[in-house]
file entry-v4.txt (compact mmCIF, C-alpha atoms)
# COMPACT_ATOMS: atom_id res chain seq x y z
CA MET A 1 0.00 0.00 0.00
CA ASN A 2 1.38 3.42 -0.99
CA GLU A 3 1.96 6.47 1.19
CA GLU A 4 -1.29 8.13 0.10
CA ASN A 5 -3.41 5.16 1.16
CA ILE A 6 -1.66 4.96 4.54
CA ASN A 7 -2.32 8.68 5.09
CA ASN A 8 -5.97 8.18 4.14
CA LEU A 9 -6.24 5.41 6.74
CA ARG A 10 -4.74 7.69 9.41
CA GLU A 11 -7.25 10.44 8.51
CA ALA A 12 -10.10 7.96 8.72
CA LEU A 13 -8.93 6.83 12.15
CA LYS A 14 -9.02 10.42 13.41
CA LEU A 15 -12.74 10.41 12.66
CA SER A 16 -13.24 6.88 14.03
CA PRO A 17 -10.44 6.17 16.57
CA ASN A 18 -12.18 3.10 18.01
CA ASN A 19 -12.61 1.39 14.64
CA ILE A 20 -10.69 -1.83 15.25
CA PRO A 21 -10.80 -3.25 11.67
CA LEU A 22 -9.58 0.10 10.34
CA ARG A 23 -6.66 0.25 12.76
CA MET A 24 -5.83 -3.38 11.97
CA LEU A 25 -5.75 -2.49 8.26
CA LEU A 26 -3.42 0.41 9.00
CA ALA A 27 -1.11 -1.79 11.09
CA ASP A 28 -1.00 -4.46 8.37
CA SER A 29 -0.34 -1.82 5.71
CA LEU A 30 2.53 -0.33 7.70
CA PHE A 31 4.04 -3.79 8.16
CA GLN A 32 3.78 -4.54 4.45
CA ALA A 33 5.49 -1.22 3.74
CA ASN A 34 8.31 -2.29 6.11
CA ARG A 35 7.59 0.64 8.43
CA LEU A 36 8.16 -1.63 11.39
CA ASP A 37 8.30 0.90 14.25
CA GLU A 38 4.98 2.45 13.18
CA ALA A 39 3.43 -1.00 12.70
CA GLU A 40 4.62 -2.03 16.17
CA THR A 41 2.92 1.05 17.67
CA GLU A 42 -0.41 0.25 16.00
CA TYR A 43 -0.35 -3.46 16.83
CA THR A 44 0.60 -2.68 20.44
CA LEU A 45 -2.40 -0.34 20.76
CA LEU A 46 -4.68 -3.03 19.41
CA VAL A 47 -3.31 -5.66 21.78
CA LYS A 48 -3.56 -3.31 24.75
CA ASN A 49 -7.12 -2.17 24.03
CA THR A 50 -8.71 -5.26 22.46
CA ASN A 51 -6.45 -8.26 23.19
CA GLU A 52 -7.18 -9.20 19.57
CA ILE A 53 -5.39 -12.44 18.62
CA LYS A 54 -4.68 -11.21 15.07
CA ALA A 55 -3.04 -8.11 16.52
CA LYS A 56 -0.83 -10.32 18.72
CA VAL A 57 0.27 -12.34 15.70
CA GLY A 58 0.89 -9.11 13.82
CA LEU A 59 3.04 -7.82 16.66
CA ALA A 60 4.95 -11.12 16.65
CA LYS A 61 5.58 -10.64 12.90
CA VAL A 62 7.05 -7.22 13.61
CA TYR A 63 9.34 -8.60 16.32
CA TYR A 64 10.44 -11.42 14.00
CA ALA A 65 11.25 -8.92 11.24
CA LYS A 66 13.23 -6.83 13.77
CA GLU A 67 15.09 -10.02 14.82
CA ASN A 68 13.69 -9.83 18.36
CA TYR A 69 12.98 -13.56 18.26
CA SER A 70 12.57 -13.97 22.01
CA ALA A 71 9.66 -11.50 22.15
CA CYS A 72 8.17 -13.01 19.00
CA ASN A 73 8.22 -16.52 20.48
CA VAL A 74 6.68 -15.45 23.79
CA ILE A 75 3.72 -13.87 21.99
CA LEU A 76 3.22 -16.80 19.63
CA GLU A 77 3.47 -19.36 22.42
CA GLU A 78 0.69 -17.57 24.31
CA ALA A 79 -1.43 -17.34 21.15
CA ILE A 80 -0.96 -21.01 20.24
CA ASP A 81 -1.62 -22.16 23.80
CA SER A 82 -4.90 -20.25 23.71
CA GLY A 83 -5.99 -22.27 20.68
CA HIS A 84 -4.80 -20.15 17.73
CA HIS A 85 -3.45 -22.69 15.25
CA ASP A 86 -3.14 -20.51 12.16
CA LEU A 87 -0.65 -22.09 9.76
CA ASP A 88 1.38 -18.90 9.20
CA ALA A 89 1.69 -18.36 12.96
CA LEU A 90 2.86 -21.94 13.52
CA ILE A 91 5.45 -21.65 10.75
CA MET A 92 6.76 -18.38 12.19
CA TYR A 93 6.89 -19.96 15.67
CA ALA A 94 8.94 -22.91 14.34
CA LYS A 95 11.33 -20.54 12.58
CA GLY A 96 11.56 -18.37 15.70
CA MET A 97 12.50 -21.42 17.76
CA LEU A 98 15.24 -22.24 15.26
CA LYS A 99 16.57 -18.70 15.51
CA GLU A 100 16.94 -19.27 19.27
CA ASP A 101 18.64 -22.65 18.64
CA ASN A 102 15.73 -24.60 20.13
CA VAL A 103 15.86 -27.27 17.43
CA GLU A 104 13.82 -29.85 19.36
CA ARG A 105 10.88 -27.47 19.87
CA ALA A 106 11.04 -26.31 16.23
CA LEU A 107 11.00 -29.92 15.08
CA GLU A 108 7.99 -30.70 17.30
CA ILE A 109 6.06 -27.75 15.86
CA TYR A 110 6.94 -28.63 12.27
CA GLN A 111 5.91 -32.23 12.78
CA ASN A 112 2.53 -31.02 14.09
CA ILE A 113 2.17 -28.78 11.02
CA LEU A 114 2.84 -31.75 8.73
CA THR A 115 0.37 -33.92 10.63
CA GLU A 116 -2.40 -31.34 10.27
CA ASN A 117 -1.43 -30.40 6.69
CA PRO A 118 -0.34 -33.54 4.77
CA GLY A 119 1.80 -32.69 1.78
CA PHE A 120 2.74 -29.25 3.08
CA ILE A 121 6.39 -28.21 2.66
CA ASP A 122 8.22 -25.11 3.87
CA GLU A 123 11.60 -24.94 2.15
CA ASP A 124 13.32 -23.01 4.96
CA LEU A 125 12.17 -25.41 7.66
CA ASP A 126 12.83 -28.43 5.46
CA SER A 127 16.40 -27.37 4.80
CA GLN A 128 17.12 -27.21 8.52
CA LEU A 129 14.87 -29.90 9.99
CA ARG A 130 14.13 -32.44 7.30
CA VAL A 131 17.22 -33.82 5.54
CA ARG A 132 16.31 -35.14 2.11
CA SER A 133 17.65 -38.62 1.44
CA SER A 134 18.70 -40.24 -1.80
CA ALA A 135 15.83 -42.71 -1.54
CA SER A 136 13.41 -43.00 -4.44
CA GLU A 137 10.27 -40.87 -4.59
CA ASP A 138 8.17 -43.95 -3.90
CA ASP A 139 9.96 -44.48 -0.60
CA SER A 140 10.14 -40.84 0.51
CA GLU A 141 6.70 -40.72 2.12
CA ASN A 142 7.55 -43.67 4.36
CA LEU A 143 10.90 -42.16 5.34
CA ASP A 144 9.79 -38.62 6.17
CA ASP A 145 8.59 -39.33 9.70
CA PHE A 146 11.65 -41.45 10.42
CA ASP A 147 13.97 -38.76 9.07
CA LEU A 148 12.26 -36.04 11.08
CA ARG A 149 12.40 -38.09 14.24
CA PHE A 150 16.16 -38.59 14.23
CA LEU A 151 17.98 -36.23 11.86
CA GLN A 152 19.19 -32.90 13.19
CA LYS A 153 21.37 -30.04 11.92
CA PRO A 154 23.28 -28.83 15.02
CA THR A 155 23.77 -25.11 15.54
CA ILE A 156 26.77 -25.50 17.86
CA ASN A 157 30.41 -26.36 17.20
CA PHE A 158 33.68 -26.65 19.13
CA GLY A 159 33.63 -22.90 19.73
CA ASN A 160 30.68 -23.50 22.06
CA VAL A 161 32.52 -26.19 24.04
CA GLY A 162 34.60 -24.89 26.92
CA GLY A 163 37.64 -26.95 27.87
CA MET A 164 37.74 -30.64 26.83
CA GLU A 165 40.84 -29.93 24.71
CA ALA A 166 42.13 -33.52 24.70
CA VAL A 167 38.72 -34.82 23.62
CA LYS A 168 38.44 -32.24 20.84
CA LYS A 169 41.96 -33.06 19.64
CA GLU A 170 41.17 -36.78 19.33
CA ILE A 171 37.93 -36.09 17.49
CA ASP A 172 39.67 -33.57 15.23
CA LEU A 173 42.24 -36.17 14.18
CA LYS A 174 39.81 -39.07 13.74
CA ILE A 175 36.74 -37.32 12.34
CA ILE A 176 37.15 -33.68 11.37
CA ARG A 177 40.39 -33.73 9.40
CA PRO A 178 39.36 -36.72 7.24
CA ILE A 179 36.21 -34.84 6.25
CA LEU A 180 38.11 -31.61 5.52
CA HIS A 181 40.98 -33.34 3.65
CA PRO A 182 39.48 -36.46 2.03
CA GLU A 183 42.03 -36.52 -0.79
CA LEU A 184 44.94 -37.02 1.65
CA TYR A 185 43.23 -39.96 3.33
CA GLN A 186 42.24 -41.50 0.01
CA ALA A 187 45.86 -41.27 -1.16
CA TYR A 188 46.84 -43.56 1.72
CA GLY A 189 43.84 -45.82 1.22
CA LYS A 190 42.22 -44.79 4.51
CA LYS A 191 38.45 -44.67 4.77
CA ILE A 192 36.65 -41.60 6.04
CA GLY A 193 34.57 -42.77 8.97
CA GLY A 194 34.89 -45.14 11.87
CA GLY A 195 34.13 -44.75 15.50
CA ILE A 196 35.20 -43.12 18.73
CA LEU A 197 34.05 -44.29 22.14
CA LEU A 198 33.56 -41.53 24.69
CA TYR A 199 33.62 -42.67 28.29
CA GLY A 200 33.59 -41.05 31.69
CA PRO A 201 31.33 -40.21 34.62
CA PRO A 202 27.71 -39.24 33.86
CA GLY A 203 26.73 -35.63 33.31
CA CYS A 204 30.06 -34.44 31.84
CA GLY A 205 29.01 -33.43 28.33
CA LYS A 206 29.43 -36.51 26.13
CA THR A 207 26.24 -35.77 24.18
CA TYR A 208 27.13 -32.09 23.86
CA ILE A 209 30.58 -32.78 22.41
CA ALA A 210 29.06 -35.25 19.94
CA LYS A 211 26.56 -32.65 18.70
CA ALA A 212 29.32 -30.03 18.50
CA THR A 213 31.37 -32.44 16.38
CA ALA A 214 28.59 -32.61 13.79
CA GLY A 215 28.29 -28.82 13.84
CA GLN A 216 32.04 -28.43 13.38
CA ILE A 217 31.94 -30.21 10.01
CA ASN A 218 28.42 -29.08 9.02
CA ALA A 219 27.23 -32.68 9.10
CA LYS A 220 23.88 -34.16 9.97
CA PHE A 221 23.49 -35.49 13.49
CA ILE A 222 21.58 -38.54 14.69
CA ASN A 223 21.18 -39.02 18.42
CA VAL A 224 19.78 -42.38 19.51
CA GLY A 225 19.43 -44.09 22.85
CA LEU A 226 18.27 -47.45 24.12
CA ASN A 227 14.57 -46.67 23.76
CA ASP A 228 15.04 -45.97 20.06
CA ILE A 229 16.62 -49.36 19.41
CA LEU A 230 15.59 -52.02 21.90
CA ASP A 231 12.20 -53.66 21.34
CA MET A 232 10.35 -56.42 23.16
CA TRP A 233 9.73 -58.37 19.94
CA ILE A 234 12.43 -60.71 18.69
CA GLY A 235 14.14 -59.33 15.60
CA SER A 236 12.74 -55.80 15.97
CA SER A 237 15.79 -54.42 17.78
CA GLU A 238 18.07 -55.57 14.99
CA LYS A 239 15.71 -54.02 12.42
CA ASN A 240 15.68 -50.70 14.31
CA LEU A 241 19.46 -50.67 14.50
CA HIS A 242 19.80 -51.38 10.78
CA GLU A 243 17.31 -48.63 9.84
CA ILE A 244 19.20 -46.06 11.91
CA PHE A 245 22.51 -46.95 10.26
CA GLU A 246 20.84 -46.86 6.84
CA LEU A 247 19.51 -43.38 7.60
CA ALA A 248 23.06 -42.26 8.46
CA ARG A 249 24.44 -43.82 5.25
CA ARG A 250 21.88 -42.00 3.11
CA ASN A 251 22.79 -38.65 4.65
CA THR A 252 26.60 -38.53 4.77
CA PRO A 253 28.57 -36.89 6.17
CA CYS A 254 26.69 -37.84 9.28
CA VAL A 255 27.61 -38.16 12.95
CA LEU A 256 25.71 -41.04 14.52
CA PHE A 257 25.74 -40.72 18.30
CA ILE A 258 24.67 -43.74 20.36
CA ASP A 259 24.22 -43.13 24.06
CA GLU A 260 24.41 -45.86 26.73
CA ILE A 261 26.22 -48.03 24.24
CA ASP A 262 27.32 -50.37 27.02
CA ALA A 263 23.73 -51.65 27.23
CA LEU A 264 23.81 -52.50 23.51
CA GLY A 265 27.36 -53.80 23.43
CA ALA A 266 27.64 -55.70 26.69
CA SER A 267 29.96 -58.66 26.66
CA ARG A 268 28.34 -61.58 24.86
CA SER A 269 29.90 -64.01 27.31
CA ASP A 270 27.83 -62.44 30.10
CA MET A 271 24.54 -62.79 28.23
CA LYS A 272 22.20 -65.68 28.92
CA GLN A 273 19.65 -64.85 26.20
CA SER A 274 20.49 -65.37 22.53
CA ALA A 275 18.33 -62.33 21.62
CA GLY A 276 20.82 -60.01 23.33
CA ARG A 277 23.73 -61.62 21.51
CA GLN A 278 21.90 -61.18 18.20
CA VAL A 279 21.61 -57.43 18.80
CA ILE A 280 25.34 -57.20 19.48
CA ASN A 281 26.13 -59.23 16.35
CA GLN A 282 23.89 -56.93 14.31
CA PHE A 283 25.64 -53.91 15.80
CA LEU A 284 29.06 -55.29 14.85
CA GLN A 285 27.88 -55.99 11.30
CA GLU A 286 26.60 -52.42 10.96
CA LEU A 287 29.90 -51.02 12.26
CA ASP A 288 31.86 -53.16 9.79
CA GLY A 289 29.59 -52.18 6.90
CA ILE A 290 29.61 -55.77 5.66
CA ASN A 291 26.57 -55.31 3.43
CA SER A 292 26.74 -51.51 3.11
CA ASN A 293 29.21 -48.68 2.66
CA ASN A 294 29.97 -46.77 5.87
CA GLU A 295 32.11 -44.15 4.12
CA GLY A 296 31.32 -40.80 5.73
CA VAL A 297 29.38 -42.31 8.65
CA LEU A 298 31.08 -41.17 11.85
CA VAL A 299 29.98 -43.16 14.88
CA LEU A 300 30.36 -41.75 18.38
CA GLY A 301 29.40 -43.98 21.27
CA ALA A 302 29.03 -42.91 24.89
CA THR A 303 29.30 -45.10 27.94
CA ASN A 304 29.81 -44.76 31.67
CA THR A 305 31.17 -48.31 31.91
CA PRO A 306 33.58 -49.11 29.06
CA TRP A 307 34.86 -52.16 30.93
CA ASN A 308 31.48 -53.86 30.31
CA LEU A 309 31.78 -53.57 26.52
CA ASP A 310 32.44 -56.64 24.41
CA PRO A 311 36.15 -56.50 23.38
CA ALA A 312 35.07 -57.00 19.76
CA PHE A 313 33.81 -53.40 19.72
CA ARG A 314 37.35 -52.08 20.13
CA ARG A 315 38.84 -53.80 17.11
CA PRO A 316 40.28 -51.61 14.31
CA GLY A 317 37.57 -50.07 12.13
CA ARG A 318 35.05 -50.12 14.94
CA PHE A 319 35.61 -48.10 18.13
CA ASP A 320 39.37 -48.12 17.71
CA ARG A 321 39.78 -44.91 19.69
CA ILE A 322 38.54 -44.65 23.25
CA VAL A 323 38.50 -41.14 24.71
CA PHE A 324 38.13 -40.16 28.35
CA VAL A 325 35.66 -37.30 28.99
CA PRO A 326 36.53 -36.02 32.48
CA PRO A 327 34.53 -33.68 34.69
CA PRO A 328 34.90 -30.03 33.61
CA ASP A 329 38.10 -28.23 34.62
CA PRO A 330 37.99 -25.04 36.77
CA ASP A 331 37.76 -22.69 33.77
CA THR A 332 34.94 -24.72 32.28
CA ARG A 333 33.10 -24.89 35.63
CA GLU A 334 33.36 -21.12 35.88
CA ALA A 335 31.96 -20.72 32.36
CA ILE A 336 29.09 -23.12 33.14
CA LEU A 337 28.23 -21.19 36.31
CA LYS A 338 28.12 -17.88 34.46
CA LEU A 339 25.92 -19.35 31.77
CA LYS A 340 23.50 -20.96 34.23
CA LEU A 341 23.22 -17.81 36.36
CA GLN A 342 22.93 -15.20 33.63
CA ASP A 343 19.13 -14.90 34.00
CA LYS A 344 19.04 -15.20 37.79
CA PRO A 345 19.36 -12.44 40.43
CA VAL A 346 22.99 -12.40 41.60
CA GLU A 347 25.38 -9.95 43.25
CA SER A 348 29.05 -10.12 44.21
CA VAL A 349 29.52 -13.69 42.97
CA ASP A 350 33.14 -14.87 42.91
CA TYR A 351 32.80 -17.41 40.09
CA GLY A 352 36.47 -18.33 40.27
CA LYS A 353 36.24 -19.22 43.95
CA ILE A 354 33.16 -21.39 43.44
CA ALA A 355 34.80 -23.14 40.48
CA LYS A 356 37.95 -23.78 42.52
CA ASN A 357 35.93 -25.32 45.35
CA SER A 358 33.86 -27.59 43.10
CA LYS A 359 36.57 -30.05 42.09
CA HIS A 360 35.27 -33.22 40.38
CA PHE A 361 31.82 -31.63 39.93
CA SER A 362 30.02 -32.52 36.72
CA GLY A 363 27.72 -30.19 34.80
CA ALA A 364 24.78 -31.91 36.48
CA ASP A 365 26.36 -31.32 39.90
CA ILE A 366 26.69 -27.60 39.13
CA ASP A 367 22.96 -27.53 38.37
CA ALA A 368 22.38 -29.17 41.74
CA ILE A 369 24.35 -26.60 43.77
CA ILE A 370 22.55 -23.76 41.99
CA ASP A 371 19.22 -25.33 42.99
CA ILE A 372 20.40 -25.72 46.60
CA ALA A 373 21.62 -22.11 46.73
CA ILE A 374 18.25 -20.90 45.42
CA GLU A 375 16.39 -22.97 48.01
CA LEU A 376 18.52 -21.47 50.78
CA LYS A 377 17.81 -17.98 49.47
CA LEU A 378 14.10 -18.67 49.25
CA GLU A 379 14.06 -19.53 52.97
CA GLU A 380 15.46 -16.07 53.70
CA SER A 381 13.05 -14.40 51.30
CA PHE A 382 10.00 -15.99 52.92
CA LYS A 383 10.66 -13.99 56.09
CA ASP A 384 9.88 -10.60 54.54
CA GLY A 385 8.60 -11.57 51.07
CA ILE A 386 11.44 -9.75 49.30
CA PRO A 387 13.52 -11.70 46.72
CA LYS A 388 17.22 -11.53 47.56
CA PRO A 389 20.07 -11.95 45.06
CA LEU A 390 22.42 -14.91 45.21
CA ASN A 391 25.97 -14.31 46.37
CA THR A 392 29.19 -16.26 46.88
CA LYS A 393 28.30 -17.33 50.43
CA ASP A 394 25.12 -19.02 49.18
CA PHE A 395 27.09 -21.19 46.78
CA ILE A 396 29.78 -22.04 49.35
CA LYS A 397 27.00 -23.26 51.67
CA ALA A 398 25.48 -25.25 48.80
CA LEU A 399 28.85 -26.88 48.05
CA LYS A 400 28.97 -28.19 51.61
CA LYS A 401 25.55 -29.82 51.16
CA HIS A 402 26.33 -31.58 47.85
CA LYS A 403 29.07 -34.06 47.11
CA PRO A 404 30.20 -34.59 43.50
CA SER A 405 28.26 -37.43 41.89
CA THR A 406 31.41 -38.46 40.04
CA GLN A 407 33.07 -39.81 43.20
CA GLU A 408 31.27 -43.15 43.06
CA TRP A 409 32.17 -43.54 39.40
CA PHE A 410 35.84 -42.81 40.04
CA ALA A 411 35.92 -45.32 42.89
CA THR A 412 34.91 -48.06 40.44
CA ALA A 413 36.95 -46.73 37.53
CA LYS A 414 40.08 -46.53 39.68
CA ASN A 415 39.95 -50.28 40.35
CA PHE A 416 39.72 -51.09 36.63
CA ALA A 417 42.47 -48.58 35.80
CA MET A 418 44.83 -50.10 38.39
CA PHE A 419 44.09 -53.80 38.09
CA SER A 420 42.53 -54.42 34.63
CA ASN A 421 44.58 -52.08 32.50
CA GLU A 422 47.14 -54.27 30.76
CA SER A 423 46.92 -52.36 27.47
CA GLY A 424 46.91 -48.93 29.14
CA LEU A 425 43.32 -48.35 28.04
CA TYR A 426 42.43 -46.45 31.20
CA ASP A 427 45.65 -44.53 31.79
CA ASP A 428 43.75 -41.25 31.43
CA ILE A 429 41.80 -42.08 34.57
CA LEU A 430 45.03 -42.55 36.51
CA ASP A 431 46.40 -39.28 35.10
CA TYR A 432 43.25 -37.44 36.17
CA LEU A 433 43.52 -38.88 39.69
CA ASN A 434 47.27 -38.15 39.82
CA ILE A 435 48.07 -41.82 40.40
CA LYS A 436 51.44 -43.01 39.17
CA LYS A 437 51.32 -45.98 36.82
call {"tool": "encode", "arguments": {"input": "entry-v4.txt", "output": "structure tokens"}}
result
Amino acid sequence: MNEENINNLREALKLSPNNIPLRMLLADSLFQANRLDEAETEYTLLVKNTNEIKAKVGLAKVYYAKENYSACNVILEEAIDSGHHDLDALIMYAKGMLKEDNVERALEIYQNILTENPGFIDEDLDSQLRVRSSASEDDSENLDDFDLRFLQKPTINFGNVGGMEAVKKEIDLKIIRPILHPELYQAYGKKIGGGILLYGPPGCGKTYIAKATAGQINAKFINVGLNDILDMWIGSSEKNLHEIFELARRNTPCVLFIDEIDALGASRSDMKQSAGRQVINQFLQELDGINSNNEGVLVLGATNTPWNLDPAFRRPGRFDRIVFVPPPDPDTREAILKLKLQDKPVESVDYGKIAKNSKHFSGADIDAIIDIAIELKLEESFKDGIPKPLNTKDFIKALKKHKPSTQEWFATAKNFAMFSNESGLYDDILDYLNIKK
């Protein structure tokens, strides 16, 4: 709409200031003319005076255009929760979630859109959430839901990972450099792919580093756990495992991350049921790529108990590198604290002191001491009803109430590192504990 028409609308509103459709038309016209500040003013008036749902969505559109994605998402979430399921609003909400790196929520919204609107495609959302495979057109409809369920495009890389330098170095050598310099590896007849086993105490960022690895090389990322693979029906677990590997093979380069891999790869000699051994055998076949090409499929496995894994998993070409993921170092703990507390009321917090006094604490343990500190502060606040900011003393008190959850793990790991470590597999544990070999 041109300037003259917008001026005519303003003149008409002077004569009829309470005409809601007229003001809505003006707001929409201003937005279409990219006069965002003026459009925001008109939509805000409508929301304030009428609580009109269309005005809320219009205001969200303005915020999205101004790259204020947080405000946009808050408005759309309220509108959608109140029952407004307009397709354009849902699409904008999904895109807004992606802008804030909330891939899981964006995927959930897009899946709902596809369920309600079969055959619908949004190219922007597809390019980030639905990875097109090389399957035939006849098969694509059957694969869409499966693709959407597992495939991700991470928005983080090693720059988002504090510390963990030894882990990043191992992954760089095994995974990243082969992808960046394939011609060098091909000259020596080395395949691009293979596996790395990440092990260490729970809650120390194994999943996060795996996702960052995929982001570092702009690869697709598949994150699967036990519930995605194991099935009560005989033969179904093997089928699930095969389909997941096939999905990775169709979408190379792809990082396939398998959590709790010790439950899938437990020693066959310890298993009484043949069904469990069949799953392990299937897993080994998939890793070897006996019937398929694993070129470009990068497998990362995570376990808290590597000593329970079948030795066959550590043969060359499978998980031939095993990498210790320790609890975060002091600098990383300090960075985690700052990140976790950035939206909470704090004053005079000595992050360095807290980090220094939280030795062996995992990321999950840091969450726990923050919760304890908040609970302690709430007890004080109840006395006069005034919220009080967190300070260093609160966290020092919380540290005294919470012991690092990694201690139990290290007690077990230490025994394996000292008495079942003929090949030096667990030397990193001894180094971390400052125990001489």
call {"tool": "closest_residue", "arguments": {"input": "entry-v4.txt", "among": "A:Lys206, A:Lys56, A:Lys377, A:Arg250", "to": "Pro345 of chain A", "atoms": "only C-alpha atoms"}}
result
A:Lys377
call {"tool": "closest_residue", "arguments": {"input": "entry-v4.txt", "among": "A:Asp394, A:Asp28, A:Glu170, A:Glu334", "to": "Thr41 of chain A", "atoms": "all atoms listed in the file"}}
result
A:Asp28
call {"tool": "atom_distance", "arguments": {"input": "entry-v4.txt", "atom1": "atom CA of Val325 of chain A", "atom2": "atom CA of Ile261 of chain A"}}
result
15.1 Å
call {"tool": "atom_distance", "arguments": {"input": "entry-v4.txt", "atom1": "atom CA of Leu390 of chain A", "atom2": "atom CA of Ala355 of chain A"}}
result
15.6 Å
